[in-house]
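Asks: Have a peek at target.cif (mmCIF, C-alpha atoms and all ligand atoms).
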data_start
loop_
_atom_site.label_atom_id
_atom_site.label_comp_id
_atom_site.auth_asym_id
_atom_site.auth_seq_id
_atom_site.Cartn_x
_atom_site.Cartn_y
_atom_site.Cartn_z
CA MET A 18 -0.14 32.43 3.87
CA THR A 19 -3.18 34.61 3.30
CA ASP A 20 -6.73 33.64 4.30
CA ARG A 21 -8.06 35.26 1.11
CA LYS A 22 -9.84 32.76 -1.20
CA PRO A 23 -7.48 32.04 -4.08
CA ASP A 24 -8.49 32.57 -7.70
CA LEU A 25 -8.05 29.15 -9.31
CA LYS A 26 -9.68 29.86 -12.67
CA GLY A 27 -8.15 27.73 -15.40
CA ARG A 28 -6.24 25.57 -12.92
CA LEU A 29 -6.39 21.79 -12.73
CA ALA A 30 -6.72 20.05 -9.34
CA LEU A 31 -6.61 16.33 -8.47
CA VAL A 32 -8.24 15.28 -5.18
CA THR A 33 -8.16 11.73 -3.80
CA GLY A 34 -10.86 10.62 -1.37
CA ALA A 35 -13.31 13.05 -2.96
CA SER A 36 -16.42 10.92 -2.40
CA ARG A 37 -17.07 12.10 1.18
CA GLY A 38 -15.63 13.88 4.19
CA ILE A 39 -12.80 16.41 3.96
CA GLY A 40 -11.88 15.47 0.36
CA TYR A 41 -15.44 15.99 -0.87
CA PHE A 42 -15.66 19.51 0.54
CA LEU A 43 -12.13 20.42 -0.51
CA ALA A 44 -12.95 19.35 -4.07
CA LYS A 45 -16.03 21.57 -3.89
CA GLU A 46 -14.01 24.54 -2.57
CA LEU A 47 -11.43 24.10 -5.34
CA ALA A 48 -14.17 24.00 -7.99
CA ALA A 49 -15.92 27.02 -6.47
CA ALA A 50 -12.60 28.89 -6.74
CA GLY A 51 -12.52 28.06 -10.46
CA ALA A 52 -10.43 24.88 -10.72
CA HIS A 53 -11.34 21.88 -12.87
CA VAL A 54 -11.38 19.03 -10.35
CA ILE A 55 -10.28 15.47 -11.03
CA ALA A 56 -12.09 13.58 -8.27
CA VAL A 57 -10.79 10.14 -7.25
CA ALA A 58 -12.43 7.56 -4.93
CA ARG A 59 -14.10 4.14 -5.06
CA THR A 60 -17.69 5.18 -4.33
CA VAL A 61 -19.28 6.26 -7.61
CA GLY A 62 -22.42 7.58 -5.86
CA GLY A 63 -20.35 10.01 -3.77
CA LEU A 64 -18.39 11.18 -6.81
CA GLU A 65 -21.61 11.73 -8.78
CA GLU A 66 -23.12 13.74 -5.94
CA LEU A 67 -19.97 15.89 -5.92
CA ASP A 68 -20.20 16.30 -9.69
CA ASP A 69 -23.82 17.49 -9.38
CA GLU A 70 -22.82 20.04 -6.71
CA ILE A 71 -19.86 21.29 -8.76
CA LYS A 72 -22.03 21.64 -11.89
CA ALA A 73 -24.59 23.59 -9.84
CA LEU A 74 -21.76 25.99 -8.91
CA GLY A 75 -20.97 26.41 -12.63
CA GLY A 76 -17.78 24.35 -12.29
CA GLU A 77 -16.37 21.23 -13.95
CA ALA A 78 -15.16 17.88 -12.68
CA THR A 79 -13.72 14.68 -14.11
CA LEU A 80 -14.64 11.60 -12.09
CA VAL A 81 -12.13 8.78 -11.62
CA PRO A 82 -13.55 5.76 -9.78
CA LEU A 83 -10.42 3.99 -8.52
CA ASP A 84 -9.28 1.88 -5.61
CA LEU A 85 -5.96 3.38 -4.56
CA THR A 86 -4.57 -0.06 -3.82
CA ASP A 87 -4.46 -0.36 -7.64
CA MET A 88 -0.98 1.07 -8.20
CA ALA A 89 -1.09 0.65 -11.98
CA GLY A 90 -4.37 2.59 -11.90
CA ILE A 91 -2.58 5.47 -10.15
CA ASP A 92 0.10 5.41 -12.85
CA ARG A 93 -2.65 5.56 -15.50
CA ILE A 94 -4.04 8.74 -13.93
CA GLY A 95 -0.65 10.41 -14.43
CA GLY A 96 -0.55 9.27 -18.06
CA ALA A 97 -4.10 10.42 -18.76
CA ILE A 98 -3.49 13.89 -17.27
CA HIS A 99 -0.30 14.18 -19.32
CA GLU A 100 -2.14 13.33 -22.54
CA ARG A 101 -5.14 15.59 -21.94
CA TRP A 102 -3.65 18.60 -20.13
CA GLY A 103 0.17 18.22 -20.13
CA LYS A 104 0.39 19.55 -16.55
CA LEU A 105 -1.27 19.52 -13.13
CA ASP A 106 -1.56 22.58 -10.89
CA ILE A 107 -2.85 21.14 -7.60
CA MET A 108 -2.61 17.67 -6.06
CA VAL A 109 -4.48 16.81 -2.86
CA ALA A 110 -3.50 13.40 -1.42
CA ASN A 111 -6.41 13.15 1.00
CA ALA A 112 -7.73 9.58 0.81
CA GLY A 113 -6.96 7.58 3.89
CA MET A 114 -8.11 4.88 6.25
CA LEU A 115 -7.90 4.35 10.00
CA GLY A 116 -7.47 0.58 10.17
CA VAL A 117 -8.05 -0.45 13.77
CA ILE A 118 -7.64 1.11 17.19
CA SER A 119 -5.84 -1.73 18.92
CA PRO A 120 -2.71 -2.67 20.87
CA ILE A 121 0.13 -2.92 18.32
CA GLY A 122 0.72 -6.59 19.04
CA HIS A 123 -2.91 -7.44 18.27
CA VAL A 124 -3.08 -5.80 14.84
CA GLU A 125 -3.61 -8.34 12.08
CA ALA A 126 -0.91 -8.29 9.39
CA LYS A 127 -3.45 -7.77 6.61
CA VAL A 128 -4.92 -4.72 8.39
CA PHE A 129 -1.48 -3.16 8.99
CA GLU A 130 -0.49 -3.76 5.37
CA LYS A 131 -3.74 -2.26 4.03
CA VAL A 132 -3.28 0.91 6.13
CA MET A 133 0.26 1.28 4.81
CA THR A 134 -0.82 0.58 1.23
CA VAL A 135 -3.71 3.07 1.21
CA ASN A 136 -2.14 5.80 3.36
CA VAL A 137 1.55 5.60 2.40
CA THR A 138 2.33 3.54 -0.71
CA SER A 139 -0.52 5.00 -2.76
CA THR A 140 0.57 8.51 -1.72
CA TRP A 141 4.14 7.82 -2.86
CA ARG A 142 2.84 6.26 -6.08
CA LEU A 143 0.68 9.32 -6.73
CA ILE A 144 3.63 11.64 -6.05
CA ARG A 145 5.66 9.63 -8.56
CA ALA A 146 2.88 9.80 -11.15
CA VAL A 147 2.23 13.54 -10.90
CA ASP A 148 5.59 15.04 -9.93
CA PRO A 149 6.55 15.84 -13.57
CA LEU A 150 3.06 17.27 -14.18
CA LEU A 151 3.24 19.54 -11.11
CA ARG A 152 6.71 20.68 -12.18
CA ALA A 153 5.22 21.56 -15.59
CA SER A 154 2.81 23.98 -13.87
CA ASP A 155 3.87 27.59 -13.28
CA ALA A 156 2.73 27.21 -9.64
CA GLY A 157 2.32 23.52 -8.74
CA ARG A 158 0.82 22.92 -5.30
CA ALA A 159 0.81 19.61 -3.41
CA ILE A 160 -1.27 19.13 -0.26
CA LEU A 161 -0.92 15.90 1.73
CA LEU A 162 -3.36 15.06 4.52
CA SER A 163 -1.59 14.03 7.69
CA SER A 164 -2.90 13.89 11.25
CA GLY A 165 -2.03 15.00 14.75
CA ALA A 166 -1.68 11.25 15.40
CA ALA A 167 1.66 11.35 13.55
CA HIS A 168 3.07 13.33 16.48
CA SER A 169 0.91 12.35 19.45
CA ALA A 170 1.46 8.64 18.66
CA ARG A 171 -1.24 7.74 21.18
CA ALA A 172 -1.69 4.27 22.62
CA PHE A 173 -3.59 1.94 20.25
CA TRP A 174 -3.24 4.24 17.21
CA GLY A 175 0.05 2.61 16.06
CA PRO A 176 -0.61 1.69 12.40
CA TYR A 177 -2.44 4.93 11.57
CA ALA A 178 0.10 7.10 13.46
CA ALA A 179 3.02 5.38 11.72
CA SER A 180 1.36 5.82 8.31
CA LYS A 181 0.79 9.55 8.83
CA ALA A 182 4.36 10.08 10.11
CA ALA A 183 5.50 8.42 6.87
CA VAL A 184 3.25 10.71 4.79
CA GLU A 185 4.77 13.79 6.47
CA ALA A 186 8.30 12.49 5.88
CA LEU A 187 7.51 11.94 2.18
CA ALA A 188 6.08 15.46 1.93
CA ARG A 189 9.07 17.06 3.61
CA SER A 190 11.62 15.17 1.51
CA TRP A 191 9.74 16.08 -1.68
CA ALA A 192 9.51 19.71 -0.56
CA ASP A 193 13.26 19.81 0.07
CA GLU A 194 13.97 18.31 -3.37
CA THR A 195 11.84 20.95 -5.05
CA LYS A 196 12.45 24.00 -2.83
CA ASN A 197 14.17 25.93 -5.62
CA MET A 198 11.26 25.38 -8.04
CA PRO A 199 7.80 26.96 -8.16
CA LEU A 200 6.33 23.70 -6.73
CA ARG A 201 5.21 24.04 -3.07
CA VAL A 202 4.56 20.90 -1.00
CA ASN A 203 2.84 21.00 2.38
CA SER A 204 1.12 18.63 4.81
CA VAL A 205 -2.04 19.35 6.76
CA ASN A 206 -3.29 18.25 10.15
CA PRO A 207 -7.03 18.91 9.74
CA GLY A 208 -7.75 18.23 13.41
CA ALA A 209 -10.77 16.26 14.65
CA THR A 210 -13.43 16.65 11.94
CA ARG A 211 -17.05 15.43 11.66
CA THR A 212 -16.52 12.58 9.18
CA ALA A 213 -17.05 8.83 8.86
CA MET A 214 -13.41 8.17 9.78
CA ARG A 215 -13.65 10.16 12.99
CA ALA A 216 -16.90 8.38 13.94
CA LEU A 217 -15.12 5.05 13.47
CA ALA A 218 -12.23 6.18 15.69
CA MET A 219 -14.38 7.77 18.40
CA PRO A 220 -17.80 6.03 18.37
CA GLY A 221 -18.92 7.59 21.70
CA GLU A 222 -18.25 11.17 20.60
CA ASP A 223 -21.04 13.60 19.71
CA PRO A 224 -20.24 14.57 16.09
CA GLU A 225 -22.01 17.90 16.56
CA THR A 226 -19.13 19.00 18.83
CA LEU A 227 -16.69 18.78 15.90
CA PRO A 228 -16.09 21.15 12.97
CA HIS A 229 -17.92 20.24 9.77
CA PRO A 230 -15.61 19.11 6.93
CA SER A 231 -16.68 22.15 4.89
CA GLU A 232 -15.10 24.45 7.53
CA VAL A 233 -11.90 22.41 7.53
CA ALA A 234 -11.79 22.39 3.71
CA ALA A 235 -12.09 26.19 3.63
CA ALA A 236 -9.09 26.42 6.00
CA ILE A 237 -7.00 24.14 3.76
CA LEU A 238 -7.89 25.87 0.46
CA PRO A 239 -5.21 28.63 0.70
CA LEU A 240 -2.53 25.91 0.35
CA ALA A 241 -3.66 25.62 -3.29
CA SER A 242 -3.06 29.28 -4.01
CA PRO A 243 -0.55 30.19 -6.75
CA GLU A 244 0.56 32.94 -4.33
CA LEU A 245 1.59 30.51 -1.58
CA THR A 246 5.30 30.77 -0.69
CA GLU A 247 5.64 28.18 2.10
CA THR A 248 6.90 24.66 1.41
CA GLY A 249 7.81 21.65 3.56
CA LEU A 250 5.53 22.75 6.41
CA ILE A 251 2.53 21.31 8.21
CA LEU A 252 -0.61 23.42 8.35
CA ASP A 253 -2.22 22.78 11.73
CA VAL A 254 -5.87 23.63 11.10
CA PRO A 255 -7.00 23.68 14.79
CA LYS A 256 -4.12 26.06 15.66
CA GLY A 257 -4.66 28.05 12.46
CA CYS A 258 -0.93 28.22 11.68
CA PHE A 259 1.98 26.33 10.16
CA THR A 260 4.18 24.07 12.23
CA ARG A 261 7.72 24.81 11.17
CA TYR A 262 10.31 22.10 10.87
CA GLN A 263 13.95 22.92 10.21
CA MET A 264 14.68 22.30 6.53
CA PRO A 265 18.10 20.82 5.79
CA ALA A 266 20.65 23.48 4.78
P1 LIG B 301 -13.48 9.68 5.36
O1 LIG B 301 -13.43 8.29 5.86
O2 LIG B 301 -14.69 10.49 5.58
O3 LIG B 301 -13.13 9.70 3.79
C1 LIG B 301 -12.03 8.99 3.32
C2 LIG B 301 -11.94 9.15 1.83
O4 LIG B 301 -10.85 8.34 1.37
C3 LIG B 301 -13.21 8.69 1.14
O5 LIG B 301 -13.52 9.55 0.06
C4 LIG B 301 -12.81 7.31 0.62
O6 LIG B 301 -13.48 7.05 -0.61
C5 LIG B 301 -11.31 7.49 0.34
N1 LIG B 301 -10.63 6.20 0.36
C6 LIG B 301 -10.43 5.39 1.42
N2 LIG B 301 -9.85 4.24 1.02
C7 LIG B 301 -9.69 4.33 -0.33
C8 LIG B 301 -9.19 3.46 -1.33
N3 LIG B 301 -8.72 2.24 -1.03
N4 LIG B 301 -9.19 3.88 -2.61
C9 LIG B 301 -9.66 5.11 -2.94
N5 LIG B 301 -10.16 5.97 -2.04
C10 LIG B 301 -10.18 5.58 -0.75
O7 LIG B 301 -12.17 10.40 5.98
P2 LIG B 301 -11.87 11.92 6.36
O8 LIG B 301 -12.51 12.84 5.41
O9 LIG B 301 -12.10 12.05 7.80
O10 LIG B 301 -10.29 11.94 6.15
C11 LIG B 301 -9.62 12.58 5.08
C12 LIG B 301 -8.15 12.65 5.43
O11 LIG B 301 -7.96 13.44 6.61
C13 LIG B 301 -7.53 11.28 5.72
O12 LIG B 301 -6.24 11.20 5.17
C14 LIG B 301 -7.46 11.26 7.25
O13 LIG B 301 -6.45 10.41 7.70
C15 LIG B 301 -7.20 12.71 7.55
N6 LIG B 301 -7.59 13.11 8.91
C16 LIG B 301 -8.92 13.12 9.28
C17 LIG B 301 -9.26 13.51 10.57
C18 LIG B 301 -10.68 13.52 11.05
O14 LIG B 301 -10.92 13.82 12.25
N7 LIG B 301 -11.67 13.26 10.20
C19 LIG B 301 -8.25 13.93 11.56
C20 LIG B 301 -6.89 13.88 11.05
C21 LIG B 301 -6.60 13.50 9.77
P3 LIG B 301 -14.16 5.65 -1.02
O15 LIG B 301 -14.52 4.92 0.23
O16 LIG B 301 -15.31 6.10 -1.85
O17 LIG B 301 -13.10 4.99 -1.83
#
Before we go any further, please render this structure as structure tokens.

Replies:
Amino acid sequence: MTDRKPDLKGRLALVTGASRGIGYFLAKELAAAGAHVIAVARTVGGLEELDDEIKALGGEATLVPLDLTDMAGIDRIGGAIHERWGKLDIMVANAGMLGVISPIGHVEAKVFEKVMTVNVTSTWRLIRAVDPLLRASDAGRAILLSSGAAHSARAFWGPYAASKAAVEALARSWADETKNMPLRVNSVNPGATRTAMRALAMPGEDPETLPHPSEVAAAILPLASPELTETGLILDVPKGCFTRYQMPA
């Protein structure tokens, strides 16, 4: 993978969780590189702010206010992209939630189920909705936000860790299914980043000690490049390299 900023002129990118944090700045990076961004989240104010910033850069965005627990809504996004553009070049499954930091046995069922719905089921549903559109691109790129928690599986992070391990497994299976096609599918561990989610997880931490989401977004951007060759890997942003997993023969 090269660190050079990709040229994404004329390309179409979908970003979930684009109203704040890492997704917001990744959407901005994609637009600055020339892509038309389809920005998905619930908070209309955050999406509108992003739209203003993208317009100021001379770029274009389409805003999709949607709660990702609305599975039929996710399906509709796939249908609408098909009708308007016939293909999708870049998908960023970034939206996510932490749930609670708590002993596993104390997690309320409704909290566990919501974490799985937002982090895992909606990601699968989005994959299902856009897979044919990404295959229709000459260089489809899928980027799924994971977390170091998927591997560290620290005490009290059970629901979130399990959800991110599931996201990585989905990404790797999808990558293996599509390895002989132009489509490239990779996960990302962004590392601790100065966002609302991190502040919720680590309330005592000084946010100024953490990288700003704009820095993290710039490190993720090369995964959207039409020149990318890697697939089925995890980009570890703090280490600045891919983690390699053995692909099945
Ligand atoms: P934020 O909490 O700052 O942003 C989360 C985004 O997800 C928001 O745009 C939010 O939009 C969206 N979202 C959450 N729930 C829903 C929902 N039900 N429907 C639609 N959109 C939703 O998180 P970060 O930017 O920190 O995290 C981005 C990704 O990076 C996540 O997948 C996270 O797990 C991962 N990550 C983050 C780390 C960190 O240190 N920050 C570390 C490791 C991984 P809205 O509320 O407007 O709907």

Asks: Set the distance at 9 Å and use all atoms listed in the file: which residues neighbour Asp84 in chain A once local chain neighbours fewer than 3 positions away are removed? I'd like the list as JSON, numbers by chain.

Replies: {"A": [57, 58, 59, 87, 88, 90, 91, 135]}

Asks: Please save C-alpha atoms of the selected residues as a short mmCIF file (atom, residue, chain, number, x, y, z; two decimals), keeping the file's coordinate frame.

Replies:
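Final file, again-v5.cif:
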data_model
loop_
_atom_site.label_atom_id
_atom_site.label_comp_id
_atom_site.auth_asym_id
_atom_site.auth_seq_id
_atom_site.Cartn_x
_atom_site.Cartn_y
_atom_site.Cartn_z
CA VAL A 57 -10.79 10.14 -7.25
CA ALA A 58 -12.43 7.56 -4.93
CA ARG A 59 -14.10 4.14 -5.06
CA ASP A 87 -4.46 -0.36 -7.64
CA MET A 88 -0.98 1.07 -8.20
CA GLY A 90 -4.37 2.59 -11.90
CA ILE A 91 -2.58 5.47 -10.15
CA VAL A 135 -3.71 3.07 1.21
#

Asks: Nearest to ligand LIG 301 (chain B) among A:Ala73, A:Leu200, A:Ile144, A:Met114, with distances taken over all atoms listed in the file: which residue is it?

Replies: A:Met114

Asks: Applying 12 Å and only C-alpha atoms, which residues near Val147 in chain A remain after dropping the ones on its own chain fewer than 6 positions away? List them as a ChimeraX atom specification.

Replies: /A:30-31,91-99,103-110,140-141,153-154,157-159,200

Asks: Just the number, please: distance in Å from CA of Pro230 in chain A to atom O2 of ligand LIG 301 (chain B), one decimal.

Replies: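 Interatomic distance, CA of Pro230 in chain A to atom O2 of ligand LIG 301 (chain B): 8.8 Å.
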
Asks: For a quick check of understanding, using only C-alpha atoms, which of A:Gly27, A:Pro224, A:Gly63, A:Pro149 has the smallest distance to Ala50 in chain A?

Replies: A:Gly27

Asks: For ligand LIG 301 (chain B), which of A:Ser164, A:Thr260, A:Thr226, A:Thr138 is the closest residue, counting all atoms listed in the file?

Replies: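 Smallest distance to ligand LIG 301 (chain B) is found for A:Ser164.
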
Asks: CA of Ala192 in chain A and CA of Glu247 in chain A, how far apart in Å?

Replies: 9.7 Å

Asks: Gly38 in chain A: which residues within 10 Å, counting only C-alpha atoms, same-chain residues fewer than 5 positions away excluded, as a VMD selection string?

Replies: chain A and resid 43 111 to 112 210 to 215 229 to 231 233 to 234

Asks: Kindly indicate which residue among A:Val205, A:Leu47, A:Lys72, A:Val81 lies nearest to Thr33 in chain A, using only C-alpha atoms for the distances.

Replies: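 Counting only C-alpha atoms, the residue closest to Thr33 in chain A is A:Val81.
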
Asks: For ligand LIG 301 (chain B), which of A:Val124, A:Ile71, A:Met219, A:Leu250 is the closest residue, counting all atoms listed in the file?

Replies: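 Using all atoms listed in the file, the shortest distance to ligand LIG 301 (chain B) belongs to A:Met219.
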
Asks: Mind working out the centre and edge lengths of an axis-aligned box for ligand LIG 301 (chain B), all listed atoms inside, 4 Å added to each side, rounded to one decimal in Å and written as lines of an AutoDock Vina configuration file?

Replies:
center_x = -10.8
center_y = 8.1
center_z = 4.7
size_x = 17.1
size_y = 19.7
size_z = 23.2

Asks: Select, from A:Ala49, A:Val61, A:Val54, A:Leu67, the residue with the minimum atom-to-atom distance to ligand LIG 301 (chain B), counting all atoms listed in the file.

Replies: A:Val61

Asks: If you count all atoms listed in the file, which residues fall within 12 Å of Glu232 in chain A, apart from same-chain ones fewer than 6 positions away, as a list in words?

Replies: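 Here the qualifying residues turn out to be Gly38, Ile39, Gly40, Tyr41, Phe42, Leu43, Lys45, Glu46, Pro207, Gly208, Ala209, Thr210, Arg211, Leu238, Val254 and Pro255 of chain A.
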
Asks: Interatomic distance between CA of Ile55 in chain A and CA of Thr79 in chain A?

Replies: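 Calculated distance between CA of Ile55 in chain A and CA of Thr79 in chain A is 4.7 Å.
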
Asks: Excluding Ala56 in chain A and any residue of its chain fewer than 3 positions from it, enumerate the residues within 6 Å of it, using only C-alpha atoms, and give them as a compact mmCIF listing (two decimals) with C-alpha atoms, in the frame of the given file.

Replies:
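Saved the output as out-v6.txt:
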# COMPACT_ATOMS: atom_id res chain seq x y z
CA VAL A 32 -8.24 15.28 -5.18
CA ALA A 35 -13.31 13.05 -2.96
CA LEU A 80 -14.64 11.60 -12.09
CA VAL A 81 -12.13 8.78 -11.62
